[in-house]
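One file, work-v2.pdb, is given below (PDB, C-alpha atoms).
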```pdb
ATOM      1  CA  MET A   6      64.452 -17.383  -4.717
ATOM      2  CA  ALA A   7      66.648 -19.464  -7.028
ATOM      3  CA  GLU A   8      69.263 -16.686  -7.084
ATOM      4  CA  LEU A   9      69.150 -16.428  -3.293
ATOM      5  CA  GLU A  10      69.559 -20.179  -2.942
ATOM      6  CA  ALA A  11      72.563 -20.174  -5.264
ATOM      7  CA  ALA A  12      74.203 -17.154  -3.628
ATOM      8  CA  ALA A  13      73.676 -18.447  -0.092
ATOM      9  CA  GLY A  14      74.472 -22.049  -0.911
ATOM     10  CA  ILE A  15      71.275 -23.293   0.733
ATOM     11  CA  ASP A  16      67.977 -24.617  -0.564
ATOM     12  CA  ARG A  17      64.366 -23.496  -0.152
ATOM     13  CA  ARG A  18      63.676 -26.060   2.544
ATOM     14  CA  GLN A  19      66.409 -24.570   4.722
ATOM     15  CA  LEU A  20      65.148 -21.037   4.035
ATOM     16  CA  ALA A  21      61.616 -22.107   4.950
ATOM     17  CA  ARG A  22      62.856 -23.823   8.107
ATOM     18  CA  ASP A  23      64.896 -20.794   9.200
ATOM     19  CA  TYR A  24      62.444 -18.020   8.251
ATOM     20  CA  GLY A  25      59.066 -19.717   7.780
ATOM     21  CA  ASN A  26      58.357 -18.207   4.360
ATOM     22  CA  LYS A  27      59.392 -15.414   1.987
ATOM     23  CA  ARG A  28      57.703 -12.847   4.227
ATOM     24  CA  GLY A  29      59.702 -14.006   7.236
ATOM     25  CA  LEU A  30      62.881 -13.821   5.195
ATOM     26  CA  PHE A  31      61.966 -10.309   4.045
ATOM     27  CA  LEU A  32      61.238  -9.133   7.595
ATOM     28  CA  GLN A  33      64.617 -10.487   8.719
ATOM     29  CA  ALA A  34      66.309  -8.735   5.788
ATOM     30  CA  ILE A  35      64.665  -5.459   6.849
ATOM     31  CA  ASP A  36      65.825  -5.917  10.443
ATOM     32  CA  ASP A  37      69.363  -6.757   9.345
ATOM     33  CA  TYR A  38      69.460  -3.807   6.963
ATOM     34  CA  HIS A  39      68.228  -1.464   9.707
ATOM     35  CA  GLU A  40      71.147  -2.365  11.944
ATOM     36  CA  ALA A  41      73.688  -2.331   9.101
ATOM     37  CA  ALA A  42      72.534   1.105   7.930
ATOM     38  CA  ALA A  43      72.730   2.457  11.455
ATOM     39  CA  ALA A  44      76.276   1.176  11.827
ATOM     40  CA  LYS A  45      77.431   2.364   8.408
ATOM     41  CA  ILE A  46      75.524   5.600   7.862
ATOM     42  CA  PHE A  47      73.845   7.287  10.820
ATOM     43  CA  GLY A  48      74.917   5.483  13.987
ATOM     44  CA  ARG A  49      77.630   8.047  14.673
ATOM     45  CA  MET A  50      74.871  10.567  15.428
ATOM     46  CA  GLU A  51      73.516   8.346  18.205
ATOM     47  CA  ARG A  52      76.652   8.743  20.309
ATOM     48  CA  THR A  53      76.397  10.848  23.432
ATOM     49  CA  ASP A  54      79.026  13.274  22.106
ATOM     50  CA  ALA A  55      77.589  13.608  18.574
ATOM     51  CA  GLY A  56      77.162  17.071  17.116
ATOM     52  CA  LEU A  57      77.396  19.007  13.889
ATOM     53  CA  ALA A  58      80.471  17.100  12.708
ATOM     54  CA  GLU A  59      78.553  13.823  12.878
ATOM     55  CA  ILE A  60      75.627  15.317  10.963
ATOM     56  CA  GLU A  61      78.036  16.489   8.278
ATOM     57  CA  ALA A  62      79.729  13.081   8.168
ATOM     58  CA  THR A  63      76.353  11.337   7.825
ATOM     59  CA  LEU A  64      75.218  13.555   4.969
ATOM     60  CA  SER A  65      78.590  13.126   3.274
ATOM     61  CA  ALA A  66      78.304   9.342   3.612
ATOM     62  CA  LEU A  67      74.884   9.477   1.964
ATOM     63  CA  ASN A  68      76.299  11.631  -0.799
ATOM     64  CA  SER A  69      78.948   9.005  -1.504
ATOM     65  CA  LEU A  70      76.326   6.348  -2.329
ATOM     66  CA  SER A  71      76.874   6.991  -6.030
ATOM     67  CA  GLY A  72      75.179   4.402  -8.190
ATOM     68  CA  GLU A  73      74.061   2.213  -5.297
ATOM     69  CA  LEU A  74      70.529   0.944  -4.994
ATOM     70  CA  GLY A  75      69.575   3.411  -2.312
ATOM     71  CA  CYS A  76      68.062   2.405   0.997
ATOM     72  CA  LEU A  77      66.089  -0.841   1.354
ATOM     73  CA  LEU A  78      63.711   0.696   3.889
ATOM     74  CA  CYS A  79      63.247   3.935   1.948
ATOM     75  CA  ASN A  80      62.511   1.918  -1.189
ATOM     76  CA  THR A  81      60.180  -0.407   0.715
ATOM     77  CA  SER A  82      58.297   2.560   2.177
ATOM     78  CA  THR A  83      57.082   3.503  -1.308
ATOM     79  CA  GLU A  84      55.766   0.021  -2.098
ATOM     80  CA  PRO A  85      52.217  -1.193  -1.377
ATOM     81  CA  ILE A  86      53.546  -3.756   1.116
ATOM     82  CA  ALA A  87      54.505  -0.926   3.473
ATOM     83  CA  GLN A  88      50.821  -0.033   3.810
ATOM     84  CA  GLN A  89      49.354  -3.514   3.498
ATOM     85  CA  ASP A  90      51.573  -5.387   5.943
ATOM     86  CA  ARG A  91      51.497  -4.077   9.515
ATOM     87  CA  ASP A  92      54.887  -5.586  10.410
ATOM     88  CA  VAL A  93      56.584  -4.029   7.390
ATOM     89  CA  HIS A  94      54.932  -0.676   8.109
ATOM     90  CA  LYS A  95      56.047  -0.842  11.734
ATOM     91  CA  ARG A  96      59.639  -1.538  10.711
ATOM     92  CA  VAL A  97      59.711   1.298   8.176
ATOM     93  CA  ARG A  98      58.350   3.738  10.765
ATOM     94  CA  ALA A  99      60.840   2.528  13.377
ATOM     95  CA  PHE A 100      63.707   3.047  10.932
ATOM     96  CA  PHE A 101      62.612   6.578  10.057
ATOM     97  CA  SER A 102      62.030   7.370  13.730
ATOM     98  CA  ARG A 103      65.508   6.143  14.605
ATOM     99  CA  ILE A 104      67.067   8.352  11.927
ATOM    100  CA  GLU A 105      65.084  11.358  13.182
ATOM    101  CA  ALA A 106      66.119  10.608  16.768
ATOM    102  CA  ALA A 107      69.762  10.375  15.714
ATOM    103  CA  TYR A 108      69.616  13.792  14.059
ATOM    104  CA  SER A 109      67.762  15.154  17.091
ATOM    105  CA  ASN A 110      70.440  13.795  19.405
ATOM    106  CA  ALA A 111      73.263  15.401  17.425
ATOM    107  CA  LEU A 112      71.389  18.703  17.149
ATOM    108  CA  SER A 113      70.585  18.750  20.872
ATOM    109  CA  ASN A 114      74.208  18.108  21.758
ATOM    110  CA  ALA A 115      75.346  20.827  19.361
ATOM    111  CA  SER A 116      72.845  23.228  20.896
ATOM    112  CA  GLU A 117      73.974  22.419  24.438
ATOM    113  CA  ARG A 118      77.587  23.092  23.417
ATOM    114  CA  GLY A 119      76.647  26.402  21.802
ATOM    115  CA  GLU A 120      77.485  25.222  18.262
ATOM    116  CA  ILE A 121      73.973  26.210  17.161
ATOM    117  CA  ALA A 122      71.178  28.225  18.737
ATOM    118  CA  LEU A 123      67.837  26.482  18.397
ATOM    119  CA  ARG A 124      64.851  26.346  20.729
ATOM    120  CA  PRO A 125      63.418  22.856  21.503
ATOM    121  CA  ALA A 126      60.629  23.175  18.909
ATOM    122  CA  GLN A 127      63.191  24.281  16.332
ATOM    123  CA  LEU A 128      65.388  21.277  17.175
ATOM    124  CA  GLN A 129      62.525  18.924  16.356
ATOM    125  CA  GLN A 130      61.788  20.770  13.118
ATOM    126  CA  ALA A 131      65.457  20.697  12.148
ATOM    127  CA  ALA A 132      65.689  16.974  12.901
ATOM    128  CA  ARG A 133      62.672  16.323  10.683
ATOM    129  CA  HIS A 134      64.122  18.517   7.954
ATOM    130  CA  LEU A 135      67.348  16.509   8.111
ATOM    131  CA  LEU A 136      65.351  13.251   8.048
ATOM    132  CA  SER A 137      63.728  14.469   4.818
ATOM    133  CA  ALA A 138      67.105  15.412   3.366
ATOM    134  CA  HIS A 139      68.495  12.034   4.435
ATOM    135  CA  ILE A 140      65.748  10.102   2.679
ATOM    136  CA  GLY A 141      65.899  12.407  -0.328
ATOM    137  CA  LEU A 142      69.612  11.791  -0.732
ATOM    138  CA  THR A 143      69.065   8.027  -0.822
ATOM    139  CA  VAL A 144      66.471   8.486  -3.563
ATOM    140  CA  LEU A 145      68.793  10.778  -5.494
ATOM    141  CA  ALA A 146      71.578   8.206  -5.208
ATOM    142  CA  ARG A 147      69.295   5.457  -6.488
ATOM    143  CA  SER A 148      68.237   7.584  -9.445
ATOM    144  CA  ARG A 149      71.898   8.223 -10.254
ATOM    145  CA  THR A 150      71.465  11.975  -9.872
ATOM    146  CA  PRO A 151      74.797  13.670 -10.610
ATOM    147  CA  MET A 152      77.132  14.105  -7.654
ATOM    148  CA  GLU A 153      77.151  17.907  -7.974
ATOM    149  CA  VAL A 154      73.376  18.019  -7.488
ATOM    150  CA  ARG A 155      73.579  15.805  -4.422
ATOM    151  CA  SER A 156      76.527  17.794  -3.076
ATOM    152  CA  ASP A 157      74.457  20.977  -3.326
ATOM    153  CA  ALA A 158      71.699  19.230  -1.375
ATOM    154  CA  VAL A 159      74.173  18.250   1.338
TER     155      VAL A 159
END
```

Could you write out this file's structure as structure tokens?
Amino acid sequence: MAELEAAAGIDRRQLARDYGNKRGLFLQAIDDYHEAAAAKIFGRMERTDAGLAEIEATLSALNSLSGELGCLLCNTSTEPIAQQDRDVHKRVRAFFSRIEAAYSNALSNASERGEIALRPAQLQQAARHLLSAHIGLTVLARSRTPMEVRSDAV
């Protein structure tokens, strides 16, 4: 908290007033991260014209996360708090669901345009496969897995 106070230029009383407690601050950080990640990484796949190019761009963006700390929500999902705190769990699930829906949207559009040939059940399976790859790439980035390994995954 002392580091946060110093970096933000505010004190604990202001943090408590604005967020209630550390948990409230954490929940707000999760919400903010969710929107920032969507804008930076996977939001392009939510567009109505998204397709295979947007999937490729998303996976490439994940691959470029060399040496970064990975994904706050992916990291949080592996911590006990994600199972113990209903609000945290709900936010993690919403984040993963949004990523899956973004991949599903891009795959559906690509299918409608004839870029790929997948039946509806296959589209859902492919979206879930891409969700798994997406999360896996963030873990690989956090673990500083060599770029060539991550590139092969992409």

Once the PyMOL selection byres ((chain A and resi 37-44) around 12) has been evaluated on this model, what residues remain selected, and can you format them as a count of residues only? 37

In Å, with one decimal, what is the gap from atom CA of A:Gln129 to atom CA of A:Ser109? 6.5 Å

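Shown here are all protein and nucleic acid residues lying within 12 Å of (63.6, 8.6, -6.3), with only C-alpha atoms considered: Leu74, Gly75, Cys76, Cys79, Asn80, Thr81, Ser82, Thr83, Ile140, Gly141, Leu142, Thr143, Val144, Leu145, Ala146, Arg147, Ser148, Arg149 and Thr150 of chain A.
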
Convert the output of the PyMOL selection byres ((chain A and resi 159) around 9) on the shown file into explicit residues, formatted as number ranges by chain. A: 61, 64-65, 67-68, 138-139, 142, 154-158

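Atom CA of A:Leu70 lies 22.2 Å from atom CA of A:Ala55.
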
Excluding A:Thr53 and its own-chain neighbours fewer than 6 positions away, which residues fall within 12 Å of it when counting all atoms listed in the file? Please give them as a PyMOL selection string. chain A and resi 59+107-115+117

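Proximity ranking of A:Ala62, A:Arg28, A:Ser137, A:Arg18 relative to A:Val93 places A:Arg28 first, based on all atoms listed in the file.
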
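Near A:Leu128, within 9 Å and counting all atoms listed in the file, sit A:Ser109, A:Leu112, A:Ser113, A:Ser116, A:Leu123, A:Arg124, A:Pro125, A:Ala131, A:Ala132, A:Arg133, not including residues fewer than 3 positions from it in the same chain.
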
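With all atoms listed in the file as the atoms that count, the minimum distance from A:Leu135 to the choices A:Ala7, A:Ala122, A:Ile15, A:Leu57 is reached by A:Leu57.
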
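Note that atom CA of A:Ala58 and atom CA of A:Glu120 are 10.3 Å apart.
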
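If you measure from each of A:Arg118, A:Lys27, A:Arg91, A:Arg22 to A:Gly56 using only C-alpha atoms, the closest one turns out to be A:Arg118.
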
Restore N, CA and C atoms in stretch 100-115 of chain A and list the result as a compact mmCIF listing (two decimals), in the coordinates of the input.
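As a result, result-v9.txt now contains:
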```txt
# COMPACT_ATOMS: atom_id res chain seq x y z
N PHE A 100 62.46 2.63 11.58
CA PHE A 100 63.71 3.05 10.93
C PHE A 100 63.74 4.57 10.77
N PHE A 101 62.66 5.13 10.23
CA PHE A 101 62.61 6.58 10.06
C PHE A 101 62.67 7.30 11.40
N SER A 102 62.00 6.76 12.39
CA SER A 102 62.03 7.37 13.73
C SER A 102 63.43 7.33 14.32
N ARG A 103 64.14 6.24 14.09
CA ARG A 103 65.51 6.14 14.60
C ARG A 103 66.42 7.16 13.93
N ILE A 104 66.26 7.34 12.63
CA ILE A 104 67.07 8.35 11.93
C ILE A 104 66.75 9.74 12.48
N GLU A 105 65.47 10.05 12.63
CA GLU A 105 65.08 11.36 13.18
C GLU A 105 65.66 11.55 14.58
N ALA A 106 65.58 10.52 15.41
CA ALA A 106 66.12 10.61 16.77
C ALA A 106 67.63 10.81 16.75
N ALA A 107 68.31 10.20 15.81
CA ALA A 107 69.76 10.38 15.71
C ALA A 107 70.10 11.82 15.36
N TYR A 108 69.40 12.38 14.38
CA TYR A 108 69.62 13.79 14.06
C TYR A 108 69.26 14.68 15.25
N SER A 109 68.18 14.37 15.93
CA SER A 109 67.76 15.15 17.09
C SER A 109 68.82 15.11 18.19
N ASN A 110 69.38 13.93 18.41
CA ASN A 110 70.44 13.80 19.40
C ASN A 110 71.64 14.68 19.07
N ALA A 111 72.09 14.61 17.83
CA ALA A 111 73.26 15.40 17.42
C ALA A 111 72.96 16.90 17.50
N LEU A 112 71.76 17.28 17.07
CA LEU A 112 71.39 18.70 17.15
C LEU A 112 71.28 19.18 18.59
N SER A 113 70.71 18.38 19.46
CA SER A 113 70.58 18.75 20.87
C SER A 113 71.95 18.93 21.51
N ASN A 114 72.85 18.00 21.22
CA ASN A 114 74.21 18.11 21.76
C ASN A 114 74.90 19.36 21.24
N ALA A 115 74.73 19.63 19.95
CA ALA A 115 75.35 20.83 19.36
C ALA A 115 74.76 22.09 19.99
```
